[in-house]
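Engineer: The structure is given below, and queries will be raised subsequently.
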There are 2 protein chains.
Amino acid sequence: MPDAKQPVLHLDESGLRPGLRLAVGVSGGADSVALIRALAERRRELGLVLSVVHLHHGLRGDEADADLEFVRTLAGDLGLSFQSERVETAASAAADPATGKAAETIEEAARRLRYQWFRRLMAGGAAEAVATAHTRDDQAETVLAKFLRGAWTEGLSGIHPVIEFPEGRILRLLLRTTRAEIEAYLTGLGQGWREDSSNRHLTFTRNRIRHELLPQLESWNPRLREHLAQMAELARDEESWWTEETARAAAPVVLPGRPVRGGGRAAAEGLALDIGRLTGLGPALQRRVLRYAAEQLGFALNFEATEGLRALALSGRASQRIELAGGLRGERTHRELRLSAQSSAAEGGNAAEVTFPVPGEVSAPELGIHLRIEAAVGTTATLRPWRAGDRVHLRHSSGPRKVKEVLERMKVSGTARSAWPVVEMDGRIVWMQGVAVEPGPEAQVTVLPGRAAPG
Amino acid sequence: MPDAKQPVLHLDESGLRPGLRLAVGVSGGADSVALIRALAERRRELGLVLSVVHLHHGLRGDEADADLEFVRTLAGDLGLSFQSERVETAASAAADPATGKAAETIEEAARRLRYQWFRRLMAGGAAEAVATAHTRDDQAETVLAKFLRGAWTEGLSGIHPVIEFPEGRILRLLLRTTRAEIEAYLTGLGQGWREDSSNRHLTFTRNRIRHELLPQLESWNPRLREHLAQMAELARDEESWWTEETARAAAPVVLPGRPVRGGGRAAAEGLALDIGRLTGLGPALQRRVLRYAAEQLGFALNFEATEGLRALALSGRASQRIELAGGLRGERTHRELRLSAQSSAAEGGNAAEVTFPVPGEVSAPELGIHLRIEAAVGTTATLRPWRAGDRVHLRHSSGPRKVKEVLERMKVSGTARSAWPVVEMDGRIVWMQGVAVEPGPEAQVTVLPGRAAPG
């Protein structure tokens, strides 16, 4: 081990060039302090014009004020210009019925506000790019979370080293550096850091993955974090290939409007896929092209929905249909698979079930329902009318009760009673309109202010 | 739940056609008993010519004899022809210096013998295809094991539903069926099965994944098995796309021999990649084409080796070289990356380190060393001469000792001493020539009879 030598931290330099005006997002935690120290150390060699930026999230009172002062002092010591701004994350996380904004977790809102600010800084000319300090450990956690949720190539590509915005680029220069290397680097420099209490704001899932699951899985493969980071790199490059390939393959398959007699196409809602051409593509590209087409209508297809549409396209009969979550309809004609978005109002009230991914939100404005459901790790939940035999665990009550009896006690009758909405997840009622339900140890349901009804 | 109704088991019928002569491999365990019952039930409808085959692995004495009789009786009850054979798995698993055959685990040998027999049956005309009873749970375990080892698309494709051999096809008809569905089906039929004690022959890793890790990860995602099986399907189809795409892309890039003045190429060992064309491909396809080229020389590149070669190709200078595990050499010329296999004898004895994947084998015939290393889940190990500072845990001894002192006690001196071989895994010496080493709780080292030296 070097003792007299200067410690070194590996930076991904591929996005750097002499003259680049680079703002570094520094929270005061070990990762970002190491990043700014390493960049400052090499700023002449790399020819960078560095500055330090710090967003005060308005969350942790004195502690956050002290973080701000710590970072301001650090920037001063390094001779770097410093800029900070304060936002009110908690207020910003809440739903806003006036604008239709959905509620977010604190973590989601903090991230959104941070990136909005970075983009404003770049738009205002304060910097051309912003560097953030995501590490290989962050990458491994992200990939593992996606894997447990059942993602494929796109999801497993994890945290990207560069994000391009119209205003400039976000660069992650530490994605190949471990948290252990960062702490060793700072210790070697005698450089302190603020204990990053943002851990407390991590989601339940992310916290468990970081502190429980990843350490445990390392007993299976001591190099797991490294392998997960490699997977992310492979997935990212393969996804980039697929994106181009899919667009190329989709061009002759995905058609606007609908065909008219005598040739040509007339304007119509939705779009259509040419069955003959789709069939010629092979399963992997068929799936990609179907997802690409649905994306154009604003839908993200999961595995089952993709396979349902694929089966309809490849072996369906003319006039067969499939109705998918969120109001996507697939309809088979003689030569085409037509995709269109159905407005839920046209579907006839709330009698239909809506299945949605968890963590996620479901909104039924006609019923004034807007819920957010989080769970240990994602699965799906279904918003539906209650059925005979349904049982529900009421909060502060031992044992399940029949929904039927709960409704009787509530004196709900008639149509309202027959259509009374519940949310089911993995066979358990995790929410029921009008009562406090115990959603189970692994799930959490947040009732949000209803979104304004459209129109 | 149907009570009077006949229970139904979902079969993947895509590989079946009327008239197919299908042998079903039946061990007597629940999975294969369910498979033969479901196929027998529907043989007329599907038009199959069914038979039952059973391999006695010569492993479990009376218990295996009873399995054989159980399956023979079941076949008779179903009116199906029956064929069985007996092999001696344990003896077959051992290494054979005469032929150079490496030692295998019992599980590996059993699988090899089973598939060899299936292929002989098909070659002899007893059947056109053989059906085996792998379930969705087997699929999930396989994908998870590969994921923990750090595999990408190819590895994550798991168990394939169809394997084509020159003699015929192996069909896995239950890959979408869960073990729970199988037991419910058999219970519904009143059909018994033999408790499949082959669990005992599962590797340490597979057993832990089945009984410990998968159940635990389901607390993160209750639908994890289903999602893993979906990943396998996505990965398989994408891998099939990549295989074609890679061969197409490699054709103009991978060149035989070496260029000669005035144009054309002369015969030479190894092969070359055209740098200009490789550069034009984009990272995902560059990696695929590099791995494809190495495969033609008999090498399977891991992530680091692929990236090492890619860096040499994209940014190396003429005459730069890279030496990879197993004796693959990459050499940069002005316009090409040359790949060639170096014989280890030419490398100058055992001074070089050999890094190899775990579980796996390493063979150094010149030293009479042939080892197999298994571990909880794969990583890599390195065969190398000991170094000053190395410490080793001897079996039946508490605490580590210096290798230097162990060699002194063994009175090893001179050249032999300086080159004394050890195997290191994750910073621990798991094997050392001439002494019994405690390889640690998670690893197991088997010394195999040395392979016959070549020639």
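Ligands are numbered from 1 in the order shown, chains are lettered A, B, ... in the order of the structure tokens, and residues start at 1 in each chain.
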For chain A, which residues have at least one atom within 10 Å of chain B, if we go by only C-alpha atoms? Write them as a VMD selection string, please.
Structural biologist: chain A and resid 144 to 145 147 to 153 205 208 to 209 213 217 to 242 281 to 285 287 to 288 303 to 304 375 to 380 426 442
Engineer: Can you write out the residues you just picked, keeping C-alpha atoms, as an mmCIF file, in the first residue's frame?
Structural biologist:
data_model
loop_
_atom_site.group_PDB
_atom_site.id
_atom_site.type_symbol
_atom_site.label_atom_id
_atom_site.label_comp_id
_atom_site.auth_asym_id
_atom_site.auth_seq_id
_atom_site.Cartn_x
_atom_site.Cartn_y
_atom_site.Cartn_z
ATOM 1 C CA LEU A 144 -30.312 -5.860 -8.697
ATOM 2 C CA ALA A 145 -33.525 -3.936 -7.967
ATOM 3 C CA PHE A 147 -33.622 -7.787 -11.845
ATOM 4 C CA LEU A 148 -35.812 -8.595 -8.850
ATOM 5 C CA ARG A 149 -38.629 -6.691 -10.503
ATOM 6 C CA GLY A 150 -38.201 -8.818 -13.624
ATOM 7 C CA ALA A 151 -36.693 -6.321 -16.061
ATOM 8 C CA TRP A 152 -34.956 -7.212 -19.284
ATOM 9 C CA THR A 153 -32.191 -5.474 -21.274
ATOM 10 C CA THR A 205 -36.673 -1.311 -1.183
ATOM 11 C CA ARG A 208 -33.033 -3.197 2.050
ATOM 12 C CA ILE A 209 -31.127 -3.916 -1.143
ATOM 13 C CA LEU A 213 -29.658 -8.197 0.175
ATOM 14 C CA LEU A 217 -25.676 -12.213 -2.058
ATOM 15 C CA GLU A 218 -21.966 -11.544 -1.886
ATOM 16 C CA SER A 219 -21.665 -14.758 0.085
ATOM 17 C CA TRP A 220 -22.743 -16.375 -3.204
ATOM 18 C CA ASN A 221 -20.470 -14.372 -5.411
ATOM 19 C CA PRO A 222 -17.931 -12.077 -3.788
ATOM 20 C CA ARG A 223 -17.569 -10.244 -7.103
ATOM 21 C CA LEU A 224 -21.325 -9.708 -7.522
ATOM 22 C CA ARG A 225 -21.235 -5.882 -7.465
ATOM 23 C CA GLU A 226 -18.606 -5.916 -10.159
ATOM 24 C CA HIS A 227 -20.586 -8.408 -12.227
ATOM 25 C CA LEU A 228 -23.773 -6.379 -11.875
ATOM 26 C CA ALA A 229 -21.948 -3.280 -13.058
ATOM 27 C CA GLN A 230 -20.626 -5.258 -16.036
ATOM 28 C CA MET A 231 -24.146 -6.463 -16.810
ATOM 29 C CA ALA A 232 -25.309 -2.853 -16.824
ATOM 30 C CA GLU A 233 -22.618 -1.990 -19.339
ATOM 31 C CA LEU A 234 -23.455 -4.922 -21.602
ATOM 32 C CA ALA A 235 -27.177 -4.234 -21.326
ATOM 33 C CA ARG A 236 -26.743 -0.547 -22.094
ATOM 34 C CA ASP A 237 -24.783 -1.149 -25.281
ATOM 35 C CA GLU A 238 -27.090 -3.943 -26.404
ATOM 36 C CA GLU A 239 -30.133 -1.775 -25.700
ATOM 37 C CA SER A 240 -28.635 0.988 -27.774
ATOM 38 C CA TRP A 241 -28.212 -1.494 -30.625
ATOM 39 C CA TRP A 242 -31.787 -2.708 -30.228
ATOM 40 C CA LEU A 281 -39.192 -10.678 -38.013
ATOM 41 C CA GLY A 282 -38.495 -13.421 -35.475
ATOM 42 C CA PRO A 283 -39.753 -13.359 -31.876
ATOM 43 C CA ALA A 284 -37.217 -10.958 -30.320
ATOM 44 C CA LEU A 285 -37.809 -8.264 -32.908
ATOM 45 C CA ARG A 287 -41.664 -8.103 -29.258
ATOM 46 C CA ARG A 288 -39.530 -5.022 -29.700
ATOM 47 C CA PHE A 303 -44.213 -9.266 -20.812
ATOM 48 C CA GLU A 304 -47.766 -10.640 -20.652
ATOM 49 C CA ALA A 375 -44.247 -2.775 -1.873
ATOM 50 C CA ALA A 376 -41.046 -4.547 -0.917
ATOM 51 C CA VAL A 377 -40.394 -5.257 -4.565
ATOM 52 C CA GLY A 378 -42.682 -4.760 -7.480
ATOM 53 C CA THR A 379 -45.463 -6.992 -8.577
ATOM 54 C CA THR A 380 -48.866 -5.874 -9.803
ATOM 55 C CA ASP A 426 -51.144 -10.981 -4.434
ATOM 56 C CA GLU A 442 -44.656 -5.539 2.782
#
Engineer: Using DSSP on the backbone coordinates, identify all residues within stretch 192-356 of chain A classified as strand (DSSP E); present the result as a ChimeraX atom specification.
Structural biologist: /A:254-259,265-274,321-324,328-332,336-341,354-356
Engineer: Write out, as a tab-separated table (two decimals), in the first residue's frame, the residues just selected, with C-alpha atoms.
Structural biologist:
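And here's part07.tsv as it stands now:
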chain	number	residue	atom	x	y	z
A	254	VAL	CA	-46.00	0.12	-38.16
A	255	LEU	CA	-48.48	2.08	-40.23
A	256	PRO	CA	-50.59	5.13	-39.41
A	257	GLY	CA	-54.39	5.18	-39.70
A	258	ARG	CA	-56.29	2.44	-41.49
A	259	PRO	CA	-56.32	1.07	-45.05
A	265	ARG	CA	-54.60	4.81	-45.84
A	266	ALA	CA	-57.09	7.12	-44.22
A	267	ALA	CA	-56.53	9.01	-40.99
A	268	ALA	CA	-57.78	7.15	-37.92
A	269	GLU	CA	-56.94	7.00	-34.25
A	270	GLY	CA	-54.19	4.66	-33.21
A	271	LEU	CA	-51.94	2.76	-35.56
A	272	ALA	CA	-51.67	-0.60	-37.22
A	273	LEU	CA	-49.03	-3.29	-37.69
A	274	ASP	CA	-48.74	-5.20	-40.95
A	321	ARG	CA	-59.67	-8.20	-29.68
A	322	ILE	CA	-57.63	-7.83	-26.58
A	323	GLU	CA	-58.16	-5.12	-23.93
A	324	LEU	CA	-55.04	-4.28	-21.95
A	328	LEU	CA	-54.87	-0.10	-24.80
A	329	ARG	CA	-56.92	-2.12	-27.26
A	330	GLY	CA	-55.50	-4.54	-29.82
A	331	GLU	CA	-57.83	-5.57	-32.64
A	332	ARG	CA	-57.08	-8.05	-35.38
A	336	GLU	CA	-53.35	-5.91	-39.59
A	337	LEU	CA	-53.14	-5.65	-35.86
A	338	ARG	CA	-54.71	-2.31	-34.92
A	339	LEU	CA	-53.68	-0.63	-31.65
A	340	SER	CA	-55.70	2.17	-30.12
A	341	ALA	CA	-56.07	3.92	-26.79
A	354	VAL	CA	-57.38	-2.09	-13.89
A	355	THR	CA	-54.14	-3.94	-13.29
A	356	PHE	CA	-51.08	-1.76	-12.70
Engineer: Applying 9 Å and only C-alpha atoms, which residues near stretch 110-112 of chain A remain after dropping the ones on its own chain fewer than 5 positions away? List them as an MDAnalysis selection string.
Structural biologist: chainID A and resid 57 87 89:90 92:93 105 117
Engineer: For the selection you just gave me, I'd like the residues written to a file as a short mmCIF file (atom, residue, chain, number, x, y, z; two decimals), in the first residue's frame, keeping all heavy atoms.
Structural biologist:
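After the write, part-v9.cif holds the following:
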data_model
loop_
_atom_site.label_atom_id
_atom_site.label_comp_id
_atom_site.auth_asym_id
_atom_site.auth_seq_id
_atom_site.Cartn_x
_atom_site.Cartn_y
_atom_site.Cartn_z
N HIS A 57 -32.21 20.80 -0.14
CA HIS A 57 -33.54 20.25 -0.43
C HIS A 57 -34.61 20.70 0.54
O HIS A 57 -35.76 20.28 0.44
CB HIS A 57 -33.47 18.72 -0.46
CG HIS A 57 -32.73 18.17 -1.64
ND1 HIS A 57 -31.37 17.91 -1.63
CD2 HIS A 57 -33.13 17.87 -2.89
CE1 HIS A 57 -31.00 17.45 -2.81
NE2 HIS A 57 -32.05 17.43 -3.60
N VAL A 87 -34.71 24.42 -2.33
CA VAL A 87 -36.05 24.05 -2.78
C VAL A 87 -36.79 23.46 -1.59
O VAL A 87 -36.18 23.10 -0.58
CB VAL A 87 -36.00 23.03 -3.94
CG1 VAL A 87 -35.48 23.68 -5.21
CG2 VAL A 87 -35.14 21.83 -3.56
N THR A 89 -38.61 20.38 -0.91
CA THR A 89 -38.88 19.07 -1.51
C THR A 89 -40.21 18.48 -1.05
O THR A 89 -40.97 17.95 -1.86
CB THR A 89 -37.73 18.10 -1.19
OG1 THR A 89 -36.50 18.71 -1.59
CG2 THR A 89 -37.89 16.78 -1.91
N ALA A 90 -40.45 18.56 0.25
CA ALA A 90 -41.67 17.91 0.78
C ALA A 90 -42.92 18.49 0.13
O ALA A 90 -43.81 17.75 -0.33
CB ALA A 90 -41.72 18.05 2.29
N SER A 92 -43.07 20.03 -2.66
CA SER A 92 -43.06 19.74 -4.09
C SER A 92 -43.44 18.29 -4.38
O SER A 92 -43.90 17.97 -5.48
CB SER A 92 -41.67 20.05 -4.65
OG SER A 92 -41.64 19.85 -6.02
N ALA A 93 -43.24 17.42 -3.39
CA ALA A 93 -43.57 15.99 -3.58
C ALA A 93 -45.07 15.74 -3.57
O ALA A 93 -45.55 14.77 -4.15
CB ALA A 93 -42.89 15.14 -2.50
N THR A 105 -42.67 10.13 -3.98
CA THR A 105 -41.93 9.92 -2.75
C THR A 105 -40.96 11.10 -2.62
O THR A 105 -40.68 11.80 -3.59
CB THR A 105 -41.10 8.63 -2.77
OG1 THR A 105 -40.13 8.75 -3.82
CG2 THR A 105 -41.98 7.41 -3.04
N TRP A 117 -32.90 21.64 -11.58
CA TRP A 117 -31.97 22.72 -11.28
C TRP A 117 -30.71 22.62 -12.14
O TRP A 117 -30.24 23.60 -12.71
CB TRP A 117 -31.61 22.72 -9.78
CG TRP A 117 -30.77 23.89 -9.38
CD1 TRP A 117 -31.02 25.22 -9.64
CD2 TRP A 117 -29.54 23.87 -8.65
NE1 TRP A 117 -30.02 26.01 -9.12
CE2 TRP A 117 -29.10 25.20 -8.51
CE3 TRP A 117 -28.77 22.83 -8.10
CZ2 TRP A 117 -27.92 25.52 -7.83
CZ3 TRP A 117 -27.61 23.16 -7.42
CH2 TRP A 117 -27.20 24.49 -7.30
#
Engineer: Excluding A:Val253 and its own-chain neighbours fewer than 3 positions away, which residues fall within 9 Å of it when counting only C-alpha atoms? Please give them as a ChimeraX atom specification.
Structural biologist: /A:249-250,272-278,289
Engineer: Taking N, CA and C atoms for each residue, export the selection above as a tab-separated table (two decimals), in the first residue's frame.
Structural biologist:
chain	number	residue	atom	x	y	z
A	249	ALA	N	-36.51	-1.78	-38.15
A	249	ALA	CA	-37.43	-2.88	-38.46
A	249	ALA	C	-38.88	-2.41	-38.43
A	250	ALA	N	-39.18	-1.43	-37.56
A	250	ALA	CA	-40.57	-1.00	-37.41
A	250	ALA	C	-41.05	-0.18	-38.59
A	272	ALA	N	-51.47	0.80	-36.85
A	272	ALA	CA	-51.67	-0.60	-37.22
A	272	ALA	C	-50.32	-1.24	-37.52
A	273	LEU	N	-50.23	-2.55	-37.31
A	273	LEU	CA	-49.03	-3.29	-37.69
A	273	LEU	C	-49.38	-4.27	-38.80
A	274	ASP	N	-48.55	-4.29	-39.83
A	274	ASP	CA	-48.74	-5.20	-40.95
A	274	ASP	C	-48.36	-6.61	-40.49
A	275	ILE	N	-49.34	-7.51	-40.49
A	275	ILE	CA	-49.12	-8.85	-39.94
A	275	ILE	C	-48.07	-9.62	-40.74
A	276	GLY	N	-48.15	-9.53	-42.04
A	276	GLY	CA	-47.22	-10.29	-42.89
A	276	GLY	C	-45.78	-9.91	-42.58
A	277	ARG	N	-45.55	-8.60	-42.47
A	277	ARG	CA	-44.17	-8.14	-42.22
A	277	ARG	C	-43.74	-8.43	-40.79
A	278	LEU	N	-44.67	-8.29	-39.85
A	278	LEU	CA	-44.34	-8.60	-38.45
A	278	LEU	C	-43.94	-10.07	-38.30
A	289	VAL	N	-40.82	-4.56	-31.69
A	289	VAL	CA	-41.62	-3.71	-32.58
A	289	VAL	C	-43.01	-3.47	-31.95
Engineer: Give me the residues near B:Pro166 as a ChimeraX atom specification, where near means some atom within 12 Å (using only C-alpha atoms) and where sequence neighbours in that chain fewer than 4 positions away do not count.
Structural biologist: /B:118-120,122-123,128-129,170
Engineer: Please report the interatomic distance between atom CA of B:Ala94 and atom CA of B:Pro359 in Å with one decimal.
Structural biologist: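 Between these atoms lies a distance of 16.6 Å.
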Engineer: Find the residues around stretch 19-21 of chain B up to 9 Å (only C-alpha atoms counted), leave out those fewer than 2 positions away in its own chain, and share them as a list in words.
Structural biologist: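 The filter keeps Leu16, Arg17, Ala23, Leu46, Gly47, Leu48, Val49, Leu50, Ser51, Ala126, Ala127, Glu128, Ala129 and Val130 of chain B.
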Engineer: So that I have them on file, write out the residues from the current selection with C-alpha atoms, as a CSV table (one decimal), in the first residue's frame.
Structural biologist:
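The result, written out as again.csv:
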chain,number,residue,atom,x,y,z
B,16,LEU,CA,-45.6,-31.8,-31.1
B,17,ARG,CA,-47.3,-33.1,-34.2
B,23,ALA,CA,-40.1,-41.2,-25.9
B,46,LEU,CA,-52.3,-35.1,-30.2
B,47,GLY,CA,-51.7,-38.2,-32.4
B,48,LEU,CA,-48.5,-39.1,-30.5
B,49,VAL,CA,-46.8,-42.5,-30.5
B,50,LEU,CA,-45.6,-42.6,-26.9
B,51,SER,CA,-43.1,-44.7,-25.1
B,126,ALA,CA,-36.6,-46.1,-31.0
B,127,ALA,CA,-38.0,-42.5,-31.1
B,128,GLU,CA,-37.8,-39.3,-33.1
B,129,ALA,CA,-37.8,-37.1,-30.0
B,130,VAL,CA,-37.4,-37.4,-26.2
Engineer: At a cut-off of 9 Å, using only C-alpha atoms, what residues contact stretch 175-182 of chain A? Leave out same-chain residues fewer than 2 positions from it and give the result as a list in words.
Structural biologist: Leu9, His10, Leu11, Asp12, Ala30, Asp31, Ala34, Leu35, Ala133, His134, Thr135, Arg136, Asp137, Asp138, Gln139, Ile159, His160, Pro161, Arg172, Leu173, Ala184, Tyr185, Leu186, Thr187, Arg225, Glu226 and Ala229 of chain A
